[in-house]
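File shown here: my_file.cif, holding mmCIF, C-alpha atoms and all ligand atoms.
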data_data
loop_
_atom_site.label_atom_id
_atom_site.label_comp_id
_atom_site.auth_asym_id
_atom_site.auth_seq_id
_atom_site.Cartn_x
_atom_site.Cartn_y
_atom_site.Cartn_z
CA MET N 105 -58.10 107.55 148.56
CA SER N 106 -61.70 107.53 147.45
CA ILE N 107 -63.73 104.66 146.00
CA PRO N 108 -63.20 104.80 142.21
CA ARG N 109 -65.89 104.69 139.51
CA VAL N 110 -66.06 102.41 136.54
CA ASN N 111 -64.58 104.23 133.53
CA LEU N 112 -67.58 105.13 131.32
CA PRO N 113 -68.16 108.08 128.93
CA ALA N 114 -69.88 110.95 130.75
CA ASP N 115 -72.77 110.87 128.25
CA ALA N 116 -73.45 107.09 128.57
CA ARG N 117 -77.20 106.50 128.25
CA LEU N 118 -79.64 104.66 130.48
CA ASP N 119 -79.46 101.21 128.84
CA THR N 120 -75.66 101.34 128.99
CA LEU N 121 -75.61 102.42 132.64
CA ALA N 122 -78.07 99.63 133.53
CA VAL N 123 -75.49 97.08 132.39
CA ARG N 124 -72.19 98.85 133.17
CA GLU N 125 -72.45 101.35 136.08
CA GLY N 126 -70.75 100.27 139.29
CA LEU N 127 -67.20 99.88 140.55
CA PRO N 128 -64.17 99.02 138.39
CA PRO N 129 -63.30 95.30 138.35
CA THR N 130 -60.79 93.92 140.85
CA PRO N 131 -57.19 93.23 139.65
CA TRP N 132 -58.44 89.81 138.48
CA GLY N 133 -60.41 91.50 135.70
CA GLU N 134 -63.74 89.74 136.22
CA ASN N 135 -66.38 90.69 133.62
CA SER N 136 -69.43 89.95 135.76
CA GLU N 137 -69.61 91.97 138.98
CA ALA N 138 -68.03 90.27 141.99
CA LEU N 139 -70.01 89.23 145.05
CA PHE N 140 -68.14 90.42 148.16
CA LEU N 141 -69.30 88.18 150.99
CA THR N 142 -67.29 89.73 153.80
CA SER N 143 -68.48 91.37 156.98
CA SER N 144 -65.40 93.56 157.47
CA PHE N 145 -62.44 95.00 155.55
CA VAL N 146 -58.76 95.00 156.50
CA HIS N 147 -56.68 98.19 156.93
CA PRO N 148 -52.99 98.42 155.94
CA ASP N 149 -51.96 100.15 159.20
CA ALA N 150 -53.34 101.69 162.39
CA ALA N 151 -53.18 105.30 161.15
CA THR N 152 -55.23 104.41 158.03
CA ALA N 153 -57.77 102.56 160.17
CA ALA N 154 -58.13 105.66 162.35
CA ARG N 155 -58.66 107.95 159.32
CA ARG N 156 -61.28 105.60 157.90
CA PHE N 157 -63.20 105.37 161.16
CA ALA N 158 -63.10 109.18 161.48
CA ASN N 159 -64.60 109.45 157.96
CA GLU N 160 -61.51 111.37 156.76
CA GLU N 161 -60.83 108.72 154.14
CA GLU N 162 -63.48 106.95 152.06
CA ALA N 163 -63.07 103.18 152.21
CA PHE N 164 -64.97 100.02 152.99
CA VAL N 165 -64.91 99.31 156.72
CA TYR N 166 -67.81 97.11 157.74
CA SER N 167 -70.70 95.73 155.67
CA ARG N 168 -73.35 97.24 157.94
CA PHE N 169 -72.12 100.64 156.59
CA SER N 170 -71.07 99.75 153.05
CA ASN N 171 -69.87 96.90 150.87
CA PRO N 172 -68.52 96.93 147.28
CA THR N 173 -71.37 94.79 145.87
CA VAL N 174 -73.97 96.95 147.63
CA THR N 175 -72.19 100.10 146.36
CA MET N 176 -72.35 98.80 142.79
CA MET N 177 -76.07 98.21 143.11
CA GLU N 178 -76.54 101.69 144.64
CA ARG N 179 -74.57 103.44 141.89
CA ARG N 180 -76.44 101.58 139.17
CA LEU N 181 -79.87 102.41 140.63
CA ALA N 182 -78.92 106.07 141.20
CA ALA N 183 -77.84 106.27 137.54
CA LEU N 184 -81.17 104.79 136.40
CA GLU N 185 -83.24 107.10 138.62
CA GLY N 186 -81.13 110.12 137.64
CA THR N 187 -80.24 110.99 141.25
CA GLU N 188 -76.82 111.81 142.71
CA ALA N 189 -76.90 109.03 145.28
CA CYS N 190 -78.66 105.91 146.52
CA ILE N 191 -78.56 103.79 149.66
CA GLY N 192 -79.53 100.11 149.64
CA THR N 193 -81.75 98.75 152.44
CA ALA N 194 -82.78 95.30 153.66
CA SER N 195 -86.30 95.62 152.17
CA GLY N 196 -88.65 98.15 150.66
CA MET N 197 -90.20 98.67 154.09
CA ALA N 198 -86.73 99.26 155.61
CA ALA N 199 -86.31 102.08 153.06
CA ILE N 200 -89.51 103.76 154.28
CA THR N 201 -88.41 103.24 157.90
CA MET N 202 -85.17 105.02 156.98
CA ILE N 203 -87.10 107.96 155.53
CA ILE N 204 -89.01 108.35 158.80
CA LEU N 205 -85.98 107.86 161.09
CA GLY N 206 -83.76 110.11 158.98
CA LEU N 207 -86.12 113.03 158.35
CA LEU N 208 -88.79 113.20 161.03
CA LYS N 209 -89.05 113.92 164.73
CA ALA N 210 -91.89 114.12 167.28
CA GLY N 211 -94.29 116.91 166.30
CA ASP N 212 -93.71 116.50 162.55
CA HIS N 213 -96.57 115.71 160.17
CA VAL N 214 -96.78 113.62 157.00
CA VAL N 215 -99.34 113.65 154.16
CA CYS N 216 -99.66 110.25 152.50
CA SER N 217 -101.91 108.77 149.83
CA GLN N 218 -104.63 106.56 151.32
CA SER N 219 -104.03 104.08 148.47
CA THR N 220 -100.37 103.25 149.17
CA PHE N 221 -99.09 99.74 149.91
CA GLY N 222 -100.80 98.33 153.05
CA SER N 223 -97.64 98.02 155.15
CA THR N 224 -96.73 101.62 154.28
CA ILE N 225 -100.00 102.85 155.77
CA LYS N 226 -99.48 100.65 158.85
CA LEU N 227 -95.92 101.92 159.32
CA PHE N 228 -96.92 105.60 159.18
CA GLN N 229 -99.79 104.86 161.61
CA ASP N 230 -97.37 103.07 163.99
CA PHE N 231 -95.10 106.13 164.17
CA ALA N 232 -97.93 108.13 165.76
CA LYS N 233 -96.79 106.65 169.09
CA TYR N 234 -93.47 108.51 168.61
CA GLY N 235 -95.30 111.78 167.85
CA VAL N 236 -95.06 111.66 164.04
CA THR N 237 -98.61 111.93 162.71
CA THR N 238 -99.92 111.24 159.22
CA SER N 239 -102.97 112.44 157.27
CA PHE N 240 -104.14 110.05 154.56
CA VAL N 241 -105.66 111.66 151.46
CA SER N 242 -107.11 110.70 148.09
CA GLN N 243 -104.46 109.47 145.65
CA THR N 244 -105.83 111.48 142.74
CA ASP N 245 -107.25 114.65 144.38
CA VAL N 246 -104.45 117.25 144.25
CA ALA N 247 -106.60 119.77 146.18
CA ALA N 248 -106.98 117.28 149.05
CA TRP N 249 -103.18 116.93 149.32
CA LYS N 250 -102.83 120.71 149.41
CA ALA N 251 -105.56 121.11 152.02
CA ALA N 252 -103.94 118.49 154.30
CA VAL N 253 -100.62 120.36 154.49
CA ARG N 254 -99.94 122.06 157.86
CA PRO N 255 -97.10 124.26 159.09
CA GLU N 256 -95.48 121.17 160.68
CA THR N 257 -95.76 119.05 157.50
CA LYS N 258 -92.27 117.79 156.57
CA LEU N 259 -93.03 115.01 154.11
CA LEU N 260 -95.46 114.07 151.34
CA PHE N 261 -95.41 110.36 150.49
CA ALA N 262 -96.93 109.01 147.26
CA GLU N 263 -96.91 105.86 145.17
CA SER N 264 -97.93 105.64 141.52
CA PRO N 265 -99.61 103.64 140.13
CA THR N 266 -101.12 102.06 143.24
CA ASN N 267 -101.95 98.50 144.14
CA PRO N 268 -104.37 97.00 143.11
CA LEU N 269 -106.49 99.67 141.36
CA THR N 270 -103.62 101.36 139.47
CA GLU N 271 -104.59 104.92 140.49
CA VAL N 272 -102.09 107.46 139.20
CA CYS N 273 -101.07 110.64 141.06
CA ASP N 274 -99.66 113.81 139.51
CA ILE N 275 -96.05 113.68 140.74
CA ARG N 276 -95.12 117.17 139.48
CA ALA N 277 -98.15 118.75 141.21
CA LEU N 278 -97.36 116.98 144.51
CA ALA N 279 -93.70 118.08 144.31
CA ASP N 280 -94.85 121.69 143.91
CA ILE N 281 -97.18 121.42 146.92
CA ALA N 282 -94.39 119.89 149.03
CA HIS N 283 -91.82 122.50 148.06
CA GLU N 284 -94.17 125.46 148.63
CA ALA N 285 -94.66 124.10 152.15
CA GLY N 286 -90.93 123.59 152.74
CA ALA N 287 -91.48 119.83 152.81
CA LEU N 288 -90.04 116.96 150.77
CA LEU N 289 -91.80 114.61 148.36
CA ALA N 290 -90.95 110.90 148.49
CA VAL N 291 -92.29 108.58 145.77
CA ASP N 292 -92.52 104.78 145.95
CA ASN N 293 -91.50 103.82 142.39
CA CYS N 294 -91.95 100.02 142.70
CA PHE N 295 -94.68 99.58 140.12
CA CYS N 296 -93.02 101.43 137.23
CA SER N 297 -89.32 101.21 138.09
CA PRO N 298 -86.97 103.79 136.52
CA ALA N 299 -87.36 101.99 133.18
CA LEU N 300 -90.80 103.64 132.86
CA GLN N 301 -90.93 106.48 135.39
CA ARG N 302 -88.26 108.73 136.91
CA PRO N 303 -89.91 110.68 139.76
CA ALA N 304 -86.79 112.79 140.45
CA GLU N 305 -87.17 114.37 136.99
CA MET N 306 -90.68 115.42 138.05
CA GLY N 307 -89.48 117.07 141.24
CA ALA N 308 -89.51 114.22 143.79
CA ASP N 309 -86.76 114.60 146.42
CA LEU N 310 -86.63 110.91 147.32
CA VAL N 311 -87.39 107.83 145.25
CA MET N 312 -88.05 104.67 147.23
CA HIS N 313 -87.82 101.09 145.94
CA SER N 314 -88.67 97.58 146.89
CA GLY N 315 -85.90 95.78 145.00
CA THR N 316 -87.96 92.67 145.67
CA LYS N 317 -90.20 93.61 142.75
CA TYR N 318 -89.14 94.62 139.23
CA LEU N 319 -85.49 95.47 140.00
CA ASP N 320 -84.76 91.83 140.80
CA GLY N 321 -87.58 90.86 138.48
CA GLN N 322 -87.52 87.14 139.15
CA GLY N 323 -88.96 86.91 142.64
CA ARG N 324 -85.76 85.75 144.36
CA VAL N 325 -84.78 88.19 147.11
CA ILE N 326 -86.05 90.86 149.50
CA ALA N 327 -84.28 94.20 148.99
CA GLY N 328 -84.91 97.95 149.03
CA ALA N 329 -83.33 101.33 148.30
CA LEU N 330 -83.67 105.09 148.65
CA CYS N 331 -82.44 107.45 145.91
CA GLY N 332 -81.89 111.20 146.26
CA SER N 333 -79.34 114.00 146.47
CA GLU N 334 -75.88 113.47 148.03
CA ALA N 335 -76.93 115.89 150.77
CA LEU N 336 -79.98 113.84 151.73
CA ILE N 337 -78.47 110.36 151.33
CA ASN N 338 -75.10 111.07 152.95
CA GLY N 339 -76.36 113.68 155.40
CA LYS N 340 -79.60 112.08 156.63
CA PHE N 341 -79.62 108.38 155.83
CA VAL N 342 -76.02 107.07 155.97
CA PRO N 343 -75.83 107.97 159.69
CA VAL N 344 -79.13 106.11 160.32
CA MET N 345 -77.80 103.09 158.44
CA ARG N 346 -74.63 103.03 160.55
CA SER N 347 -76.54 103.03 163.82
CA ALA N 348 -79.84 101.32 162.98
CA GLY N 349 -78.44 98.62 160.66
CA LEU N 350 -81.23 98.34 158.10
CA SER N 351 -78.50 97.10 155.77
CA LEU N 352 -78.90 95.30 152.45
CA SER N 353 -77.13 91.95 152.30
CA PRO N 354 -74.39 91.81 149.60
CA PHE N 355 -75.89 88.64 148.15
CA ASN N 356 -79.31 90.26 147.70
CA ALA N 357 -77.64 93.40 146.31
CA TRP N 358 -75.83 91.25 143.76
CA VAL N 359 -79.06 89.56 142.63
CA VAL N 360 -80.74 92.98 142.22
CA LEU N 361 -77.65 94.42 140.49
CA LYS N 362 -77.75 91.66 137.87
CA GLY N 363 -81.55 91.94 137.61
CA MET N 364 -81.26 95.62 136.67
CA GLU N 365 -79.30 94.64 133.53
CA THR N 366 -82.53 93.34 131.98
CA LEU N 367 -84.93 95.80 133.68
CA SER N 368 -85.88 97.94 130.70
CA ILE N 369 -86.45 95.06 128.27
CA ARG N 370 -88.51 93.21 130.89
CA MET N 371 -90.61 96.28 131.71
CA GLU N 372 -91.31 96.93 128.04
CA ALA N 373 -92.15 93.29 127.29
CA GLN N 374 -94.30 92.86 130.40
CA SER N 375 -96.10 96.18 129.77
CA ALA N 376 -96.86 95.11 126.20
CA ARG N 377 -98.30 91.81 127.43
CA ALA N 378 -100.30 93.57 130.16
CA LEU N 379 -101.84 95.96 127.60
CA LYS N 380 -102.87 93.05 125.36
CA LEU N 381 -104.35 91.16 128.28
CA ALA N 382 -106.19 94.28 129.55
CA GLN N 383 -107.68 94.93 126.08
CA TRP N 384 -108.78 91.30 125.84
CA LEU N 385 -110.30 91.35 129.35
CA GLU N 386 -112.36 94.45 128.41
CA GLN N 387 -114.04 92.29 125.72
CA GLN N 388 -114.98 89.43 128.05
CA PRO N 389 -118.69 89.23 128.97
CA ALA N 390 -117.87 87.96 132.50
CA VAL N 391 -115.62 90.98 133.21
CA GLU N 392 -117.32 94.08 134.63
CA ARG N 393 -114.41 96.49 134.69
CA VAL N 394 -110.67 96.57 133.94
CA TYR N 395 -108.20 98.85 135.76
CA TYR N 396 -105.04 99.49 133.73
CA PRO N 397 -103.31 102.85 133.09
CA GLY N 398 -102.54 101.86 129.49
CA LEU N 399 -106.24 101.70 128.58
CA ALA N 400 -108.00 104.80 127.25
CA SER N 401 -110.82 103.99 129.71
CA HIS N 402 -108.50 104.57 132.71
CA PRO N 403 -109.44 107.86 134.47
CA GLN N 404 -105.81 109.11 134.55
CA HIS N 405 -104.76 107.54 131.23
CA GLU N 406 -103.21 110.72 129.79
CA LEU N 407 -101.33 111.60 132.97
CA ALA N 408 -100.04 108.02 133.23
CA MET N 409 -98.84 108.02 129.64
CA ARG N 410 -97.01 111.33 130.25
CA GLN N 411 -95.36 110.14 133.47
CA GLN N 412 -94.62 106.56 132.40
CA ARG N 413 -92.98 106.90 128.96
CA GLY N 414 -96.23 105.92 127.24
CA LEU N 415 -96.42 102.50 128.92
CA GLY N 416 -98.94 101.19 131.44
CA GLY N 417 -96.67 98.91 133.47
CA ALA N 418 -97.26 95.22 134.15
CA VAL N 419 -99.99 95.29 136.82
CA LEU N 420 -103.71 95.31 136.05
CA SER N 421 -106.88 94.50 137.98
CA PHE N 422 -110.37 93.53 136.91
CA THR N 423 -113.74 92.76 138.49
CA VAL N 424 -115.73 89.72 137.48
CA LYS N 425 -119.42 88.92 137.69
CA GLY N 426 -120.47 86.88 140.72
CA GLY N 427 -118.46 88.64 143.45
CA ARG N 428 -116.17 86.50 145.59
CA GLU N 429 -117.42 83.18 144.18
CA GLY N 430 -116.78 84.40 140.65
CA ALA N 431 -113.28 85.65 141.48
CA TRP N 432 -112.38 82.44 143.29
CA ALA N 433 -113.70 80.35 140.38
CA VAL N 434 -111.34 82.20 138.01
CA SER N 435 -108.44 81.82 140.43
CA ASP N 436 -109.08 78.11 141.04
CA ALA N 437 -109.35 77.31 137.32
CA THR N 438 -105.87 78.64 136.47
CA ARG N 439 -102.99 76.29 135.70
CA ILE N 440 -100.35 78.83 134.65
CA CYS N 441 -100.79 81.94 136.84
CA SER N 442 -99.19 81.66 140.30
CA VAL N 443 -101.78 82.34 142.99
CA THR N 444 -99.65 84.54 145.29
CA SER N 445 -99.66 88.15 146.42
CA ASN N 446 -96.13 89.01 145.21
CA LEU N 447 -95.56 90.92 141.97
CA GLY N 448 -92.69 91.99 139.77
CA ASP N 449 -91.83 88.47 138.63
CA THR N 450 -91.37 86.99 135.15
CA LYS N 451 -94.01 84.48 136.30
CA THR N 452 -97.52 85.98 136.13
CA THR N 453 -99.14 86.21 139.57
CA LEU N 454 -102.86 86.31 140.36
CA THR N 455 -104.21 87.77 143.61
CA HIS N 456 -107.65 88.10 145.20
CA PRO N 457 -106.94 91.30 147.19
CA SER N 458 -110.06 91.37 149.39
CA THR N 459 -109.22 88.03 151.06
CA THR N 460 -105.39 88.29 151.01
CA SER N 461 -103.40 91.55 150.78
CA HIS N 462 -106.42 93.62 151.93
CA GLY N 463 -107.99 90.91 154.12
CA ARG N 464 -107.22 92.74 157.37
CA LEU N 465 -109.40 95.73 156.42
CA SER N 466 -113.06 95.81 157.42
CA GLU N 467 -115.59 95.34 154.61
CA GLU N 468 -116.48 99.03 155.03
CA GLN N 469 -112.83 100.13 154.57
CA ARG N 470 -112.52 97.85 151.55
CA GLN N 471 -115.67 99.32 149.97
CA ALA N 472 -114.27 102.83 150.51
CA ALA N 473 -111.01 101.78 148.86
CA GLY N 474 -112.81 100.13 145.93
CA ILE N 475 -111.46 96.65 146.77
CA THR N 476 -114.61 94.67 145.98
CA GLN N 477 -115.07 90.92 146.41
CA GLY N 478 -115.09 90.39 142.64
CA LEU N 479 -111.71 92.08 142.12
CA LEU N 480 -108.66 90.16 140.89
CA ARG N 481 -105.16 91.54 140.33
CA VAL N 482 -102.78 90.24 137.70
CA ALA N 483 -99.07 91.11 137.69
CA VAL N 484 -98.22 90.09 134.16
CA GLY N 485 -94.97 88.21 133.56
CA LEU N 486 -93.27 86.99 130.42
CA GLU N 487 -95.44 84.01 129.42
CA ASP N 488 -97.19 83.94 126.03
CA VAL N 489 -100.27 86.22 126.22
CA GLN N 490 -102.45 83.67 124.44
CA ASP N 491 -101.66 81.12 127.15
CA LEU N 492 -102.52 83.67 129.85
CA GLN N 493 -105.84 84.46 128.15
CA ASN N 494 -106.70 80.75 127.96
CA ASP N 495 -105.71 80.37 131.62
CA LEU N 496 -108.15 83.12 132.72
CA LEU N 497 -110.83 82.06 130.23
CA ALA N 498 -111.07 78.64 131.91
CA GLY N 499 -112.77 80.33 134.89
CA LEU N 500 -114.35 83.31 133.11
CA SER N 501 -116.26 81.07 130.72
CA GLN N 502 -118.06 79.52 133.73
CA LEU N 503 -119.39 82.96 134.77
CA ALA N 504 -120.71 84.65 131.63
C1 LIG I 1 -93.68 95.21 147.99
C2 LIG I 1 -93.88 96.66 148.11
C3 LIG I 1 -93.33 97.40 149.16
C4 LIG I 1 -92.53 96.74 150.29
O1 LIG I 1 -91.37 96.15 149.84
P1 LIG I 1 -90.67 94.90 150.61
O2 LIG I 1 -89.42 94.69 149.82
O3 LIG I 1 -91.63 93.75 150.56
O4 LIG I 1 -90.40 95.36 152.00
C5 LIG I 1 -93.54 98.75 149.20
N1 LIG I 1 -94.25 99.36 148.23
C6 LIG I 1 -94.81 98.70 147.20
C7 LIG I 1 -95.58 99.44 146.18
C8 LIG I 1 -94.64 97.33 147.11
O5 LIG I 1 -95.22 96.67 146.08
#
Full structure transcribed into structure tokens:
Amino acid sequence: MSIPRVNLPADARLDTLAVREGLPPTPWGENSEALFLTSSFVHPDAATAARRFANEEEAFVYSRFSNPTVTMMERRLAALEGTEACIGTASGMAAITMIILGLLKAGDHVVCSQSTFGSTIKLFQDFAKYGVTTSFVSQTDVAAWKAAVRPETKLLFAESPTNPLTEVCDIRALADIAHEAGALLAVDNCFCSPALQRPAEMGADLVMHSGTKYLDGQGRVIAGALCGSEALINGKFVPVMRSAGLSLSPFNAWVVLKGMETLSIRMEAQSARALKLAQWLEQQPAVERVYYPGLASHPQHELAMRQQRGLGGAVLSFTVKGGREGAWAVSDATRICSVTSNLGDTKTTLTHPSTTSHGRLSEEQRQAAGITQGLLRVAVGLEDVQDLQNDLLAGLSQLA
């Protein structure tokens, strides 16, 4: 026996897979995917149990290893990313921990963008105590990535666009550098999601997700995933999952699974709103600069449009006049935007990075990273754009 697939035409397209890919329904014929809240699975007889534990027969055994709801979510995300396989994890950070545990050993070296998510940088730094060292390089300088590669480099890790300045890296160029060096490229695809960007098509070996963000899309659960070839997922990461237990809960998998059904229409609608808001912000006298890949003024605009299906995504940042006081005045005057550091929600969120997500850095490190005191980040949701403009204008009009 092997675990069957849902019966879909082989040429079913992305929007169809987003709604339909998974496991066949149970004998009850449910139309919405079932939530299997069970820690273990029952075997018909002792000989079958033995075969299943010896991996001679594919079946569900224990939800630390696999679970039908989690498998549905994994199959759906793999289909959207265009990879052979996917493994769900407890969080986005658990997915990166899996990459390190599954691929690297003492003496190995990693090259990582210096602009990745803060906890990602911290995690790679923490693994130095186990002998895995990391060089951090400029997000956009391809030559710097190449120069940082050493004979013991096993992994390049990138994220695009980055938080909060929306810097875009050339995924194809980084894949070529990795492969010439006999290393792998992993890409954190949180900000675009497969609705806008499919890193595996550009040569990435692993695509990492925080399901917490756009895959769920409504800010409800913590979840993560890694997508890649069967050889990598089954060969390197399934064994780590079995022993290390970074497992995704079936309930959270179910929420993400259902969230993916509306992923592409949300990403398109939220990108359209973000573009309108970014264009409007560029016109405001109290705004010094706007960072958004969908604007022609963005330094990697053309690359972003090529990599991201012509859309800028839902996250933008801008600097206001008056430094920290100015930024806080805008934040404090809002009545619609949620002042929180999460993103990927249908509710627009507003963040002051230098005193929250990037508050642990020294002022010097923040300056080097471009995270100034006047910077605000907006992760645009699904509210009416006019209402969002009015919400920001309440504070901006005090500054101009
Ligand atoms: C949130 C986030 C993560 C971490 O995901 P969690 O689910 O919170 O563990 C990693 N990368 C990026 C880009 C993120 O935004």
Within 10 Å of region 446-448 of chain N, counting all atoms listed in the file, which residues show up once you throw out same-chain ones fewer than 5 positions away? Write them as a list in words, please.
->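 Surrounding residues, per the criterion: Cys294, Phe295, Cys296, Ser297, Ser314, Gly315, Thr316, Lys317, Tyr318, Leu319, Asp320, Gly321, Gln322, Gly323, Arg370, Met371, Gln374, Ala418, Val419, Thr453, Leu454, Thr455, Ser461, Arg481, Val482, Ala483, Val484 and Gly485 of chain N.
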Could you write those residues out with C-alpha atoms, as a PDB file, in the frame of the given file?
ATOM      1  CA  CYS N 294     -91.950 100.020 142.700  1.00  0.00           C
ATOM      2  CA  PHE N 295     -94.680  99.580 140.120  1.00  0.00           C
ATOM      3  CA  CYS N 296     -93.020 101.430 137.230  1.00  0.00           C
ATOM      4  CA  SER N 297     -89.320 101.210 138.090  1.00  0.00           C
ATOM      5  CA  SER N 314     -88.670  97.580 146.890  1.00  0.00           C
ATOM      6  CA  GLY N 315     -85.900  95.780 145.000  1.00  0.00           C
ATOM      7  CA  THR N 316     -87.960  92.670 145.670  1.00  0.00           C
ATOM      8  CA  LYS N 317     -90.200  93.610 142.750  1.00  0.00           C
ATOM      9  CA  TYR N 318     -89.140  94.620 139.230  1.00  0.00           C
ATOM     10  CA  LEU N 319     -85.490  95.470 140.000  1.00  0.00           C
ATOM     11  CA  ASP N 320     -84.760  91.830 140.800  1.00  0.00           C
ATOM     12  CA  GLY N 321     -87.580  90.860 138.480  1.00  0.00           C
ATOM     13  CA  GLN N 322     -87.520  87.140 139.150  1.00  0.00           C
ATOM     14  CA  GLY N 323     -88.960  86.910 142.640  1.00  0.00           C
ATOM     15  CA  ARG N 370     -88.510  93.210 130.890  1.00  0.00           C
ATOM     16  CA  MET N 371     -90.610  96.280 131.710  1.00  0.00           C
ATOM     17  CA  GLN N 374     -94.300  92.860 130.400  1.00  0.00           C
ATOM     18  CA  ALA N 418     -97.260  95.220 134.150  1.00  0.00           C
ATOM     19  CA  VAL N 419     -99.990  95.290 136.820  1.00  0.00           C
ATOM     20  CA  THR N 453     -99.140  86.210 139.570  1.00  0.00           C
ATOM     21  CA  LEU N 454    -102.860  86.310 140.360  1.00  0.00           C
ATOM     22  CA  THR N 455    -104.210  87.770 143.610  1.00  0.00           C
ATOM     23  CA  SER N 461    -103.400  91.550 150.780  1.00  0.00           C
ATOM     24  CA  ARG N 481    -105.160  91.540 140.330  1.00  0.00           C
ATOM     25  CA  VAL N 482    -102.780  90.240 137.700  1.00  0.00           C
ATOM     26  CA  ALA N 483     -99.070  91.110 137.690  1.00  0.00           C
ATOM     27  CA  VAL N 484     -98.220  90.090 134.160  1.00  0.00           C
ATOM     28  CA  GLY N 485     -94.970  88.210 133.560  1.00  0.00           C
TER      29      GLY N 485
END
Kindly work out which residues sit at most 10 Å from ligand LIG 1 (chain I), using only C-alpha atoms and all ligand atoms, and give the list as a PyMOL selection string.
-> chain N and resi 193-200+219-224+262-268+291-296+312-318+325-329+445-448
Interatomic distance between CA of Asp280 (chain N) and CA of Pro303 (chain N)?
-> 12.8 Å
So which residues touch Phe140 (chain N) within 8 Å, counting all atoms listed in the file, skipping near sequence neighbours fewer than 2 positions away, as a list of chain:residue names?
->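 Near neighbours after the sequence-gap exclusion: N:Ala138, N:Thr142, N:Asn171, N:Pro172, N:Thr173, N:Pro354, N:Phe355.
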State, in Å with one decimal place, the distance from CA of Val236 (chain N) to CA of Val214 (chain N).
->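 Atom-to-atom, CA of Val236 (chain N) to CA of Val214 (chain N), that is 7.5 Å.
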Distance in Å - CA of Val391 (chain N) versus CA of Gln502 (chain N) |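 CA of Val391 (chain N) sits 11.7 Å away from CA of Gln502 (chain N).
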Pick out the residues sitting within 12 Å of Gly398 (chain N), and hand them over as an NGL selection string; count only C-alpha atoms, and ignore anything fewer than 4 positions along from it in its own chain.
-> :N and (265 or 270-272 or 375-383 or 394 or 402-420)
Axis-aligned box for all listed atoms of region 454-467 of chain N, 3 Å per side, centre and edges in Å to one decimal, as AutoDock Vina command-line options:
--center_x -109.2 --center_y 91.1 --center_z 148.9 --size_x 18.7 --size_y 15.5 --size_z 23.1
Using only C-alpha atoms: which of N:Val241, N:Leu289, N:Ile337, N:Met202 has the shortest distance to Gly349 (chain N) |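 Looking only at the distances to Gly349 (chain N), the closest residue turns out to be N:Met202.
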Can you list, as a ChimeraX atom specification, every protein, DNA or RNA residue that comes within 8 Å of Gly186 (chain N) when you count only C-alpha atoms, leaving out same-chain residues fewer than 4 positions away?
-> /N:182,302,304-305
Hey, could you make a per-residue contact list for region 175-210 of chain N against region 123-135 of chain N with 6 Å as the cut-off, showing the nearest pair of atoms and its distance in Å to one decimal, counting all atoms listed in the file, sorted by chain and number, as JSON lines?
{"residue": "N:Met176", "atom": "CA", "partner": "N:Gly126", "partner_atom": "CA", "distance": 4.1}
{"residue": "N:Arg179", "atom": "CA", "partner": "N:Gly126", "partner_atom": "CA", "distance": 5.6}
{"residue": "N:Arg180", "atom": "CA", "partner": "N:Glu125", "partner_atom": "CA", "distance": 5.1}
Measuring atom to atom with all atoms listed in the file, identify which of N:Ala252, N:Phe169, N:Ile204, N:Met345 is nearest to Ala290 (chain N).
->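 Closest candidate: N:Ile204.
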Distance criterion (all atoms listed in the file): nearest to Thr201 (chain N) out of N:Asp230, N:Glu365, N:Glu185, N:Glu392 |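 When distances to Thr201 (chain N) are compared using all atoms listed in the file, the smallest one comes from N:Asp230.
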Contact residues around Ala122 (chain N) with only C-alpha atoms at 9 Å, ignoring same-chain residues under 2 positions, as a list of chain:residue names =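 Contacts, with the query itself left out: N:Arg117, N:Leu118, N:Asp119, N:Thr120, N:Arg124, N:Glu125, N:Arg180, N:Leu181, N:Ala183, N:Leu184, N:Leu361, N:Met364, N:Glu365, N:Thr366, N:Leu367, N:Ser368.
If you measure from each of N:Arg109, N:Pro343, N:Ser353, N:Pro389 to Ser143 (chain N) using only C-alpha atoms, the closest one turns out to be N:Ser353.
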Nearest to Cys441 (chain N), chosen from N:Met306, N:Val489, N:Ala116, N:Ala472, with all atoms listed in the file counted in the distances = N:Val489
So which residues fall inside 12 Å of (-78.2, 111.0, 159.1) if we count all atoms listed in the file? Mind giving them as a ChimeraX atom specification?
-> /N:191,202-208,334-348
Among listed residues N:Gly332, N:Pro298, N:Pro108, N:Gly235, nearest Ala210 (chain N) (using only C-alpha atoms) = N:Gly235
